[in-house]
>>> print(open('coords.tsv').read())   # TSV, C-alpha atoms
chain	number	residue	atom	x	y	z
A	29	MET	CA	1.00	-23.65	21.22
A	30	ILE	CA	3.19	-21.80	18.69
A	31	THR	CA	1.57	-21.19	15.32
A	32	LEU	CA	3.39	-20.96	12.00
A	33	GLN	CA	2.70	-17.22	11.86
A	34	GLU	CA	4.20	-16.71	15.32
A	35	ARG	CA	7.31	-18.67	14.46
A	36	VAL	CA	7.95	-16.90	11.16
A	37	HIS	CA	6.62	-13.40	11.83
A	38	SER	CA	6.90	-13.23	15.65
A	39	SER	CA	3.26	-12.12	15.69
A	40	PRO	CA	0.81	-13.66	18.17
A	41	PRO	CA	-2.63	-14.14	16.58
A	42	PRO	CA	-5.76	-12.28	17.67
A	43	SER	CA	-7.66	-14.13	20.38
A	44	ASN	CA	-10.72	-14.66	18.15
A	45	TRP	CA	-8.75	-16.46	15.41
A	46	ILE	CA	-9.08	-20.22	15.69
A	47	LEU	CA	-6.29	-22.78	15.49
A	48	ASN	CA	-6.25	-25.05	12.49
A	49	LYS	CA	-3.92	-27.48	10.81
A	50	LEU	CA	-2.28	-26.51	7.54
A	51	HIS	CA	-3.63	-29.55	5.74
A	52	ARG	CA	-7.17	-28.72	6.87
A	53	VAL	CA	-7.02	-25.43	4.98
A	54	PHE	CA	-5.03	-26.37	1.85
A	55	ARG	CA	-4.92	-29.46	-0.27
A	56	VAL	CA	-2.78	-30.18	-3.32
A	57	ARG	CA	-4.77	-30.80	-6.50
A	58	THR	CA	-4.09	-34.11	-8.19
A	59	ALA	CA	-5.48	-35.93	-11.24
A	60	TYR	CA	-6.04	-32.69	-13.17
A	61	LYS	CA	-3.83	-33.47	-16.15
A	62	ASN	CA	-4.66	-31.82	-19.46
A	63	LEU	CA	-5.30	-35.13	-21.22
A	64	GLY	CA	-6.79	-34.71	-24.66
A	65	MET	CA	-5.77	-31.02	-24.65
A	66	ARG	CA	-9.00	-29.99	-22.98
A	67	GLU	CA	-7.48	-26.57	-22.27
A	68	ASP	CA	-5.03	-24.45	-24.28
A	69	ASN	CA	-4.93	-21.28	-22.16
A	70	LEU	CA	-1.26	-21.41	-21.19
A	71	LEU	CA	-0.41	-19.76	-17.86
A	72	SER	CA	2.90	-18.98	-16.20
A	73	LEU	CA	4.07	-17.81	-12.78
A	74	SER	CA	6.03	-14.55	-13.11
A	75	TYR	CA	7.06	-12.27	-10.24
A	76	GLY	CA	4.27	-13.52	-8.02
A	77	ARG	CA	1.56	-13.18	-10.67
A	78	ILE	CA	-0.12	-15.72	-12.92
A	79	ILE	CA	0.16	-14.40	-16.49
A	80	ASN	CA	-0.97	-15.58	-19.92
A	81	LYS	CA	1.49	-16.93	-22.49
A	82	ASP	CA	1.03	-17.69	-26.16
A	83	ILE	CA	0.97	-21.46	-26.41
A	84	ASP	CA	2.29	-21.32	-29.98
A	85	THR	CA	5.28	-19.09	-29.27
A	86	ALA	CA	6.05	-19.87	-25.64
A	87	ASP	CA	9.63	-19.06	-24.64
A	88	GLY	CA	11.89	-21.47	-22.80
A	89	LEU	CA	11.86	-25.24	-22.75
A	90	LEU	CA	8.63	-26.66	-24.17
A	91	PRO	CA	7.17	-30.06	-23.34
A	92	GLU	CA	6.59	-32.65	-26.02
A	93	SER	CA	2.92	-32.21	-25.30
A	94	PHE	CA	0.92	-29.79	-23.18
A	95	GLU	CA	-1.15	-32.80	-22.16
A	96	THR	CA	1.41	-33.27	-19.37
A	97	TYR	CA	0.46	-29.88	-17.92
A	98	GLN	CA	-2.11	-29.55	-15.15
A	99	ILE	CA	-5.41	-27.70	-15.30
A	100	VAL	CA	-5.92	-24.94	-12.74
A	101	ASP	CA	-9.06	-23.01	-11.88
A	102	PRO	CA	-9.81	-19.54	-10.49
A	103	GLY	CA	-9.08	-19.48	-6.76
A	104	ASN	CA	-6.25	-22.02	-6.94
A	105	ILE	CA	-2.85	-20.95	-5.64
A	106	VAL	CA	0.16	-22.07	-7.67
A	107	MET	CA	3.44	-22.60	-5.84
A	108	ARG	CA	6.90	-23.02	-7.37
A	109	LEU	CA	9.06	-24.70	-4.76
A	110	THR	CA	11.95	-25.68	-7.03
A	111	ASP	CA	15.56	-24.45	-7.23
A	112	LEU	CA	15.46	-23.12	-3.68
A	113	GLN	CA	19.23	-22.93	-3.28
A	114	ASN	CA	19.99	-21.06	-6.50
A	115	ASP	CA	17.06	-18.68	-6.82
A	116	LYS	CA	16.36	-16.67	-3.68
A	117	ARG	CA	14.79	-13.64	-5.32
A	118	SER	CA	11.71	-14.94	-7.13
A	119	LEU	CA	8.25	-14.82	-5.64
A	120	ARG	CA	7.06	-18.39	-5.42
A	121	GLN	CA	3.27	-18.28	-5.49
A	122	GLY	CA	0.48	-16.70	-7.45
A	123	LEU	CA	-3.31	-16.65	-7.34
A	124	VAL	CA	-5.06	-18.13	-10.37
A	125	LYS	CA	-7.76	-15.85	-11.77
A	126	GLU	CA	-8.79	-17.79	-14.89
A	127	ARG	CA	-8.98	-21.41	-15.95
A	128	GLY	CA	-5.92	-22.61	-17.82
A	129	ILE	CA	-2.93	-24.94	-17.81
A	130	ILE	CA	0.43	-24.63	-16.07
A	131	THR	CA	3.44	-26.90	-15.72
A	132	SER	CA	2.99	-29.90	-13.43
A	133	ALA	CA	6.34	-29.09	-11.83
A	134	TYR	CA	4.42	-26.59	-9.69
A	135	ASP	CA	1.99	-27.41	-6.89
A	136	ALA	CA	-1.57	-26.23	-7.41
A	137	LEU	CA	-3.39	-25.72	-4.11
A	138	GLU	CA	-7.09	-25.43	-3.50
A	139	LEU	CA	-8.78	-24.32	-0.33
A	140	GLU	CA	-11.39	-26.04	1.73
A	141	ARG	CA	-14.80	-24.41	1.80
A	142	GLY	CA	-15.19	-21.39	4.04
A	143	HIS	CA	-11.91	-19.72	3.04
A	144	ASP	CA	-11.07	-16.74	0.83
A	145	PRO	CA	-8.30	-17.68	-1.66
A	146	ARG	CA	-7.09	-14.08	-1.85
A	147	PHE	CA	-6.40	-13.96	1.90
A	148	TRP	CA	-4.41	-17.17	1.83
A	149	ALA	CA	-2.50	-16.07	-1.28
A	150	TYR	CA	-1.40	-13.01	0.72
A	151	ALA	CA	-0.63	-15.19	3.76
A	152	LEU	CA	1.59	-17.49	1.68
A	153	LEU	CA	3.21	-14.43	0.09
A	154	ALA	CA	4.05	-13.12	3.57
A	155	LEU	CA	5.82	-16.42	4.33
A	156	ASP	CA	7.66	-16.13	1.03
A	157	LEU	CA	8.75	-12.55	1.71
A	158	ALA	CA	10.08	-13.72	5.09
A	159	LYS	CA	12.11	-16.39	3.20
A	160	TYR	CA	10.40	-19.22	5.06
A	161	TYR	CA	10.38	-21.66	2.16
A	162	TYR	CA	14.16	-21.65	1.90
A	163	SER	CA	14.48	-23.05	5.41
A	164	LEU	CA	12.50	-26.10	4.26
A	165	GLY	CA	14.92	-26.69	1.39
A	166	ALA	CA	18.09	-26.38	3.46
A	167	GLY	CA	21.04	-28.65	2.81
A	168	VAL	CA	21.11	-30.66	-0.39
A	169	ARG	CA	17.38	-30.26	-1.04
A	170	GLN	CA	16.91	-27.69	-3.76
A	171	SER	CA	13.27	-28.53	-4.43
A	172	ILE	CA	10.36	-29.46	-2.20
A	173	LYS	CA	6.65	-30.09	-2.55
A	174	PHE	CA	3.87	-28.50	-0.57
A	175	ALA	CA	3.25	-31.96	0.90
A	176	ASP	CA	6.71	-31.68	2.52
A	177	PHE	CA	5.59	-28.74	4.65
A	178	PRO	CA	5.57	-29.41	8.38
A	179	ASN	CA	2.16	-30.19	9.78
A	180	ASP	CA	1.97	-26.77	11.40
A	181	TRP	CA	-0.76	-25.15	13.38
A	182	ILE	CA	-1.97	-21.92	11.81
A	183	ALA	CA	-4.17	-19.15	13.19
A	184	THR	CA	-7.27	-18.80	11.03
A	185	PRO	CA	-9.70	-15.86	10.90
A	186	ASP	CA	-13.31	-16.47	9.91
A	187	GLU	CA	-14.31	-16.10	6.27
A	188	ASP	CA	-15.75	-12.60	6.68
A	189	THR	CA	-12.51	-11.40	8.27
A	190	GLN	CA	-10.48	-13.10	5.53
A	191	LYS	CA	-12.54	-11.27	2.91
A	192	ALA	CA	-12.16	-7.92	4.71
A	193	ILE	CA	-8.38	-8.34	4.93
A	194	ALA	CA	-8.14	-9.41	1.29
A	195	ASP	CA	-10.26	-6.44	0.15
A	196	PHE	CA	-8.08	-4.13	2.22
A	197	LEU	CA	-4.82	-5.51	0.79
A	198	ASP	CA	-6.15	-5.49	-2.77
A	199	ARG	CA	-6.94	-1.81	-2.39
A	200	GLU	CA	-3.87	-0.65	-0.46
A	201	THR	CA	-1.25	-2.64	-2.39
A	202	ALA	CA	-2.75	-1.38	-5.66
A	203	ARG	CA	-2.18	2.19	-4.46
A	204	ILE	CA	1.41	1.43	-3.53
A	205	ASP	CA	2.03	-0.45	-6.80
A	206	GLN	CA	0.72	2.47	-8.85
A	207	LEU	CA	3.08	4.86	-7.07
A	208	ILE	CA	6.00	2.48	-7.62
A	209	GLU	CA	5.15	2.20	-11.33
A	210	LYS	CA	5.04	6.00	-11.66
A	211	LYS	CA	8.48	6.32	-10.09
A	212	GLN	CA	9.89	3.54	-12.27
A	213	LEU	CA	8.45	5.20	-15.36
A	214	LEU	CA	9.91	8.57	-14.32
A	215	SER	CA	13.36	6.99	-14.03
A	216	VAL	CA	13.04	5.31	-17.42
A	217	LEU	CA	11.85	8.52	-19.10
A	218	SER	CA	14.63	10.54	-17.46
A	219	ALA	CA	17.24	8.08	-18.75
A	220	GLU	CA	15.67	8.10	-22.22
A	221	ARG	CA	15.61	11.92	-22.32
A	222	PHE	CA	19.27	11.98	-21.34
A	223	ARG	CA	20.17	9.53	-24.12
A	224	ALA	CA	18.26	11.71	-26.59
A	225	LEU	CA	20.19	14.73	-25.37
A	226	VAL	CA	23.47	12.86	-25.76
A	227	SER	CA	22.55	11.84	-29.32
A	228	LYS	CA	21.78	15.43	-30.23
A	229	VAL	CA	24.84	16.99	-28.60
A	230	VAL	CA	27.57	14.54	-29.64
A	231	GLY	CA	26.17	14.10	-33.14
A	232	GLY	CA	28.13	17.11	-34.31
A	233	GLY	CA	25.37	18.95	-36.07
A	234	LEU	CA	22.80	16.16	-36.27
A	235	GLY	CA	19.53	17.72	-35.21
A	236	LEU	CA	20.90	21.25	-35.50
A	237	SER	CA	19.78	23.85	-37.98
A	238	ALA	CA	21.74	24.41	-41.20
A	239	LYS	CA	22.98	27.74	-39.85
A	240	GLU	CA	24.25	26.16	-36.63
A	241	ARG	CA	25.91	23.35	-38.61
A	242	GLU	CA	27.69	25.84	-40.85
A	243	LYS	CA	28.81	27.80	-37.79
A	244	GLN	CA	30.41	24.66	-36.30
A	245	SER	CA	31.79	23.23	-39.54
A	246	ASP	CA	35.37	24.23	-38.73
A	247	GLY	CA	35.23	22.43	-35.40
A	248	TRP	CA	33.78	19.11	-36.57
A	249	ARG	CA	34.96	16.38	-38.90
A	250	PHE	CA	33.00	13.46	-40.37
A	251	LEU	CA	35.28	10.41	-40.00
A	252	ALA	CA	35.12	6.67	-39.51
A	253	LEU	CA	35.53	5.51	-35.92
A	254	ARG	CA	38.72	3.63	-36.79
A	255	ARG	CA	40.34	6.94	-37.82
A	256	GLU	CA	39.98	8.26	-34.27
A	257	ILE	CA	39.93	5.27	-31.92
A	258	THR	CA	40.75	1.56	-31.82
A	259	LEU	CA	38.58	-1.09	-30.21
A	260	GLN	CA	40.29	-4.17	-28.81
A	261	ARG	CA	38.88	-7.44	-27.54
A	262	GLY	CA	39.47	-8.21	-23.85
A	263	VAL	CA	41.51	-11.10	-22.50
A	264	ASP	CA	40.31	-14.50	-21.33
A	265	ILE	CA	41.77	-15.80	-18.09
A	266	THR	CA	40.80	-18.64	-15.78
A	267	LYS	CA	39.48	-17.88	-12.35
A	268	ALA	CA	42.31	-19.92	-10.90
A	269	LYS	CA	44.75	-17.29	-12.17
A	270	GLN	CA	42.81	-14.31	-10.88
A	271	ASN	CA	44.38	-12.56	-7.92
A	272	GLU	CA	41.55	-11.58	-5.61
A	273	ASN	CA	43.96	-9.39	-3.64
A	274	GLY	CA	44.87	-7.31	-6.69
A	275	ARG	CA	44.25	-3.59	-6.94
A	276	TYR	CA	42.54	-3.35	-10.30
A	277	PRO	CA	38.92	-4.13	-11.19
A	278	VAL	CA	38.07	-6.73	-13.80
A	279	VAL	CA	35.42	-5.31	-16.12
A	280	SER	CA	33.15	-7.85	-17.82
A	281	SER	CA	30.00	-7.47	-19.90
A	282	GLY	CA	28.05	-7.62	-16.63
A	283	GLY	CA	30.06	-4.81	-15.04
A	284	VAL	CA	32.93	-4.62	-12.57
A	285	SER	CA	33.67	-7.96	-10.92
A	286	SER	CA	36.85	-9.34	-9.32
A	287	PHE	CA	40.45	-8.14	-9.43
A	288	HIS	CA	43.61	-8.97	-11.32
A	289	GLU	CA	46.95	-7.33	-12.01
A	290	GLU	CA	47.74	-8.84	-15.41
A	291	TYR	CA	46.81	-7.32	-18.78
A	292	LEU	CA	46.44	-3.96	-17.13
A	293	CYS	CA	44.86	-1.07	-19.05
A	294	LYS	CA	45.49	2.46	-17.90
A	295	GLY	CA	42.34	4.31	-17.00
A	296	PRO	CA	40.18	6.10	-17.70
A	297	GLY	CA	38.67	3.53	-20.03
A	298	VAL	CA	35.58	3.00	-22.14
A	299	ILE	CA	34.33	-0.59	-22.17
A	300	VAL	CA	31.45	-2.04	-24.17
A	301	GLY	CA	29.91	-5.48	-23.81
A	302	ARG	CA	30.96	-7.84	-26.60
A	303	LYS	CA	28.75	-10.79	-25.68
A	304	GLY	CA	26.37	-11.63	-22.88
A	305	SER	CA	25.36	-7.98	-22.65
A	306	ALA	CA	26.33	-6.81	-26.12
A	307	GLY	CA	26.49	-3.02	-26.30
A	308	LYS	CA	26.32	-2.42	-22.55
A	309	LEU	CA	28.58	0.54	-21.73
A	310	HIS	CA	30.87	1.12	-18.77
A	311	PHE	CA	33.16	4.06	-18.06
A	312	GLU	CA	36.02	3.07	-15.77
A	313	PRO	CA	38.04	5.95	-14.27
A	314	ARG	CA	40.65	3.64	-12.71
A	315	ASP	CA	43.20	1.29	-14.21
A	316	TYR	CA	41.39	-1.93	-15.12
A	317	TRP	CA	41.61	-5.38	-16.66
A	318	PRO	CA	39.22	-6.00	-19.61
A	319	HIS	CA	37.54	-9.40	-19.63
A	320	ASP	CA	37.09	-11.46	-22.78
A	321	THR	CA	33.37	-10.62	-22.84
A	322	VAL	CA	34.07	-6.95	-23.63
A	323	LEU	CA	35.64	-4.66	-26.18
A	324	TYR	CA	37.64	-1.76	-24.84
A	325	VAL	CA	39.06	1.40	-26.38
A	326	LYS	CA	42.77	0.69	-26.79
A	327	ARG	CA	43.56	3.99	-28.55
A	328	PHE	CA	41.77	7.29	-27.94
A	329	GLY	CA	43.98	9.45	-30.12
A	330	ARG	CA	43.37	13.06	-29.16
A	331	ASN	CA	39.79	12.37	-28.08
A	332	HIS	CA	38.44	12.83	-24.57
A	333	PRO	CA	37.64	9.35	-23.13
A	334	LYS	CA	34.33	10.53	-21.69
A	335	PHE	CA	33.35	12.02	-25.06
A	336	VAL	CA	33.99	8.60	-26.66
A	337	TYR	CA	31.77	7.07	-23.97
A	338	TYR	CA	28.95	9.48	-24.83
A	339	LYS	CA	29.54	8.89	-28.55
A	340	PHE	CA	29.07	5.14	-28.03
A	341	MET	CA	25.91	5.85	-26.05
A	342	ALA	CA	24.50	7.82	-28.97
A	343	LEU	CA	25.42	5.08	-31.45
A	344	ASP	CA	23.61	2.35	-29.43
A	345	LEU	CA	26.23	-0.28	-30.21
A	346	GLY	CA	23.97	-3.07	-28.96
A	347	SER	CA	21.91	-2.69	-32.15
A	348	PHE	CA	24.82	-3.34	-34.51
A	349	ASP	CA	24.44	-7.14	-34.60
A	350	ARG	CA	20.92	-8.43	-35.29
A	351	SER	CA	22.06	-11.82	-36.55
A	352	SER	CA	20.88	-13.88	-33.57
A	353	ALA	CA	18.89	-13.89	-30.37
A	354	ASN	CA	22.20	-13.66	-28.48
A	355	PRO	CA	24.18	-11.08	-30.47
A	356	THR	CA	27.94	-10.69	-30.22
A	357	LEU	CA	29.40	-7.28	-30.92
A	358	ASN	CA	32.19	-7.46	-33.51
A	359	ARG	CA	34.60	-4.54	-33.58
A	360	ASN	CA	34.79	-4.88	-37.37
A	361	LEU	CA	31.13	-3.81	-37.46
A	362	VAL	CA	31.89	-0.71	-35.41
A	363	HIS	CA	35.18	0.55	-36.82
A	364	PRO	CA	33.84	1.59	-40.28
A	365	GLU	CA	30.95	3.64	-38.82
A	366	LYS	CA	31.27	7.30	-39.83
A	367	VAL	CA	30.40	9.87	-37.19
A	368	TRP	CA	31.00	13.52	-36.37
A	369	TRP	CA	34.10	14.27	-34.30
A	370	PRO	CA	34.60	17.74	-32.75
A	371	VAL	CA	37.97	19.23	-31.90
A	372	PRO	CA	39.24	18.63	-28.32
A	373	GLN	CA	38.12	22.05	-27.06
A	374	ILE	CA	34.53	21.38	-28.12
A	375	GLN	CA	34.72	17.86	-26.66
A	376	GLU	CA	35.75	19.31	-23.30
A	377	ARG	CA	32.73	21.63	-23.22
A	378	ILE	CA	30.34	18.87	-24.30
A	379	VAL	CA	31.67	16.47	-21.66
A	380	ALA	CA	31.35	19.10	-18.92
A	381	ASP	CA	27.74	19.84	-19.87
A	382	LEU	CA	26.75	16.19	-20.21
A	383	ASP	CA	28.49	15.18	-16.99
A	384	SER	CA	26.52	17.85	-15.16
A	385	GLU	CA	23.23	16.64	-16.66
A	386	GLN	CA	24.18	13.00	-16.05
A	387	ALA	CA	24.79	13.79	-12.36
A	388	ARG	CA	21.35	15.40	-12.12
A	389	VAL	CA	19.65	12.42	-13.79
A	390	ASP	CA	21.60	9.92	-11.68
A	391	ALA	CA	20.56	11.76	-8.52
A	392	LEU	CA	16.91	11.65	-9.59
A	393	ILE	CA	17.09	7.95	-10.42
A	394	LEU	CA	18.84	7.19	-7.12
A	395	THR	CA	16.18	9.11	-5.20
A	396	ASN	CA	13.45	7.23	-7.07
A	397	SER	CA	15.20	3.91	-6.42
A	398	THR	CA	15.46	4.63	-2.70
A	399	SER	CA	11.83	5.74	-2.62
A	400	ILE	CA	10.77	2.53	-4.37
A	401	GLU	CA	12.68	0.49	-1.78
A	402	ARG	CA	10.85	2.30	1.01
A	403	LEU	CA	7.50	1.70	-0.69
A	404	GLN	CA	8.27	-1.97	-1.18
A	405	GLU	CA	9.28	-2.29	2.47
A	406	PHE	CA	6.01	-0.64	3.49
A	407	ARG	CA	4.09	-2.98	1.18
A	408	VAL	CA	5.71	-6.04	2.76
A	409	ALA	CA	5.09	-4.76	6.29
A	410	LEU	CA	1.46	-3.96	5.48
A	411	ILE	CA	0.78	-7.43	4.02
A	412	THR	CA	2.46	-9.18	6.96
A	413	ALA	CA	0.64	-7.08	9.56
A	414	ALA	CA	-2.75	-7.60	7.88
A	415	VAL	CA	-2.55	-11.39	7.40
A	416	THR	CA	-1.36	-11.89	10.97
A	417	GLY	CA	-4.13	-9.74	12.44
A	418	GLN	CA	-1.79	-7.05	13.79
A	419	ILE	CA	-3.81	-4.17	12.32
A	420	ASP	CA	-7.51	-3.40	12.25
A	421	VAL	CA	-8.27	-3.14	8.55
A	422	ALA	CA	-11.71	-1.69	9.23
A	423	THR	CA	-10.28	1.47	10.83
A	424	TRP	CA	-6.93	1.72	9.02
A	425	GLY	CA	-8.29	3.53	5.97
A	426	LYS	CA	-10.54	5.82	7.99
A	427	THR	CA	-7.57	7.12	9.96
A	428	GLY	CA	-5.53	7.76	6.80
A	429	ARG	CA	-2.53	5.74	7.94
A	430	THR	CA	-1.50	4.69	4.42
A	431	ASP	CA	-1.73	8.30	3.24
A	432	ARG	CA	0.47	9.47	6.13
A	433	ARG	CA	3.07	6.79	5.47
A	434	LEU	CA	3.20	7.57	1.74
A	435	GLU	CA	3.52	11.28	2.50
A	436	GLN	CA	6.30	10.54	4.98
A	437	ILE	CA	8.25	8.58	2.35
A	438	GLU	CA	7.86	11.43	-0.13
A	439	GLU	CA	9.04	13.98	2.45
A	440	GLU	CA	12.09	11.82	3.26
A	441	MET	CA	12.99	11.68	-0.43
A	442	SER	CA	12.48	15.45	-0.88
A	443	LEU	CA	14.83	16.15	2.02
A	444	ARG	CA	17.35	13.69	0.61
A	445	GLU	CA	17.20	15.38	-2.79
A	446	ALA	CA	17.57	18.84	-1.23
A	447	ARG	CA	20.66	17.76	0.72
A	448	ALA	CA	22.18	16.28	-2.44
>>> encode(input="coords.tsv", output="structure tokens")
Amino acid sequence: MITLQERVHSSPPPSNWILNKLHRVFRVRTAYKNLGMREDNLLSLSYGRIINKDIDTADGLLPESFETYQIVDPGNIVMRLTDLQNDKRSLRQGLVKERGIITSAYDALELERGHDPRFWAYALLALDLAKYYYSLGAGVRQSIKFADFPNDWIATPDEDTQKAIADFLDRETARIDQLIEKKQLLSVLSAERFRALVSKVVGGGLGLSAKEREKQSDGWRFLALRREITLQRGVDITKAKQNENGRYPVVSSGGVSSFHEEYLCKGPGVIVGRKGSAGKLHFEPRDYWPHDTVLYVKRFGRNHPKFVYYKFMALDLGSFDRSSANPTLNRNLVHPEKVWWPVPQIQERIVADLDSEQARVDALILTNSTSIERLQEFRVALITAAVTGQIDVATWGKTGRTDRRLEQIEEEMSLREARA
């Protein structure tokens, strides 16, 4: 008899795990509506975690009344099985750790007695990470309910084993998550330090001593942006007219996308998001086509294009329009801004120095990103192996296997960095 775990994970269960039916372990909670507003602790499912939200300032679409929401209790598992065709990245379940209310569009599961909710939350997560739920919503079905699940057989450890596995995964995934957070923070801080360096260097005396400013006074001028460059709005064009076989990238506020040969701008170019991602910068070394969602530098004058790119980075153009929640960058707001402009020879030196530092920071961020991917892969593999009984959690920690794997990932990244 093939169990659900065998079919999805290709992992035969341990011989001492008993066979059970899915519906004998989980049941969907019903008749737990928040009538009379008995609860006002608003919860939400975000990236596989149940988080608190302010009921008075909740973002997104709000119901006419939170009385339509359902009450959930600690130990329940919330599942979001909607929009399966369009959203294949979200994590679709989370373990409830406090009493509260959550949208009734989600299924709230409770476990029969004799089961550890943490173990089964990890087991459902392993199915999610293997993209099992999407197979149930194939075809025109973009949403399902837990009641739609096949009546599968599942291999079930006893409650003590469930608790041991859950304790193990709580401990080991926390270690991995902490390391991932440190690497993410290092990347953020490195990028922030680089932006601070850019602001200091291209400011033309800003942040320098009076003596240094006087020394450079002959090489810098304080002028409005429009005196040196011209920003132009990109061109709107229907997808039907786009030539996917063209040679030139289309640059939109989201980055480089498709190709087209009309409205060609000669590279290199500096492009800044006008709407959608207002202020987002892109430096394009090739010839390109600017989309309607961007502004691009039509005239550089005698300025180095890469220096203009760094100048825009220092100005933080995304902060120019604070008029709405979805700001649109207007070139008329940018053109009057007065900034320091150095002579071309100084620009060349600044660009060379900043490009070198940018390459170093990019290499560090890339190494961190690759390391994070390896850690996430290890995390997934560890969860899957534990909930399917493929590892002995009682001896795993004693033999230092997590430590060795983490050290191996760090060594791989160090070698990668050295080769770069």
>>> atom_distance(input="coords.tsv", atom1="atom CA of A:Thr184", atom2="atom CA of A:Asp101")
23.4 Å
>>> residues_near_point(input="coords.tsv", point="(7.7, 3.8, 0.4)", cutoff="12 Å", atoms="only C-alpha atoms", output="JSON, numbers by chain")
{"A": [201, 203, 204, 205, 206, 207, 208, 211, 395, 396, 397, 398, 399, 400, 401, 402, 403, 404, 405, 406, 407, 408, 409, 410, 430, 431, 432, 433, 434, 435, 436, 437, 438, 439, 440, 441]}
>>> atom_distance(input="coords.tsv", atom1="atom CA of A:Arg199", atom2="atom CA of A:Arg429")
13.5 Å
>>> closest_residue(input="coords.tsv", among="A:Leu357, A:Leu259, A:Ala183, A:Ile46", to="A:Ser305", atoms="all atoms listed in the file")
A:Leu357
>>> residues_around(input="coords.tsv", residues="A:Gly64", least_positions_apart="4", cutoff="12 Å", atoms="only C-alpha atoms", output="list in words")
Tyr60, Asp68, Ser93, Phe94, Glu95, Thr96, Tyr97, Gln98 and Ile99 of chain A
>>> axis_aligned_box(input="coords.tsv", around="stretch 360-365 of chain A", padding_each_side="6 Å", output="JSON")
{"center_x": 33.1, "center_y": -0.6, "center_z": -37.8, "size_x": 16.2, "size_y": 20.5, "size_z": 16.9}
>>> residues_around(input="coords.tsv", residues="A:Leu73", least_positions_apart="4", cutoff="8 Å", atoms="all atoms listed in the file", output="list in words")
Arg77, Ile78, Ile79, Val106, Arg120, Gln121 and Gly122 of chain A
>>> closest_residue(input="coords.tsv", among="A:Thr131, A:Ser171, A:Ser280, A:Gln260", to="A:His310", atoms="all atoms listed in the file")
A:Ser280
>>> closest_residue(input="coords.tsv", among="A:Val421, A:Val36, A:Ala387, A:Leu394", to="A:Val216", atoms="only C-alpha atoms")
A:Leu394
>>> closest_residue(input="coords.tsv", among="A:Ile129, A:Ile172, A:Leu70, A:Val389", to="A:Met107", atoms="only C-alpha atoms")
A:Ile172
>>> atom_distance(input="coords.tsv", atom1="atom CA of A:Gly329", atom2="atom CA of A:Thr258")
8.7 Å
>>> closest_residue(input="coords.tsv", among="A:Glu187, A:Gly295, A:Leu139, A:Asp82", to="A:Arg57", atoms="only C-alpha atoms")
A:Leu139
>>> residues_around(input="coords.tsv", residues="A:Pro185", least_positions_apart="6", cutoff="10 Å", atoms="only C-alpha atoms", output="list in words")
Pro41, Pro42, Ser43, Asn44, Trp45, Ile46, Leu47, Asn48, His143, Phe147, Lys191, Ile193, Val415, Thr416 and Gly417 of chain A
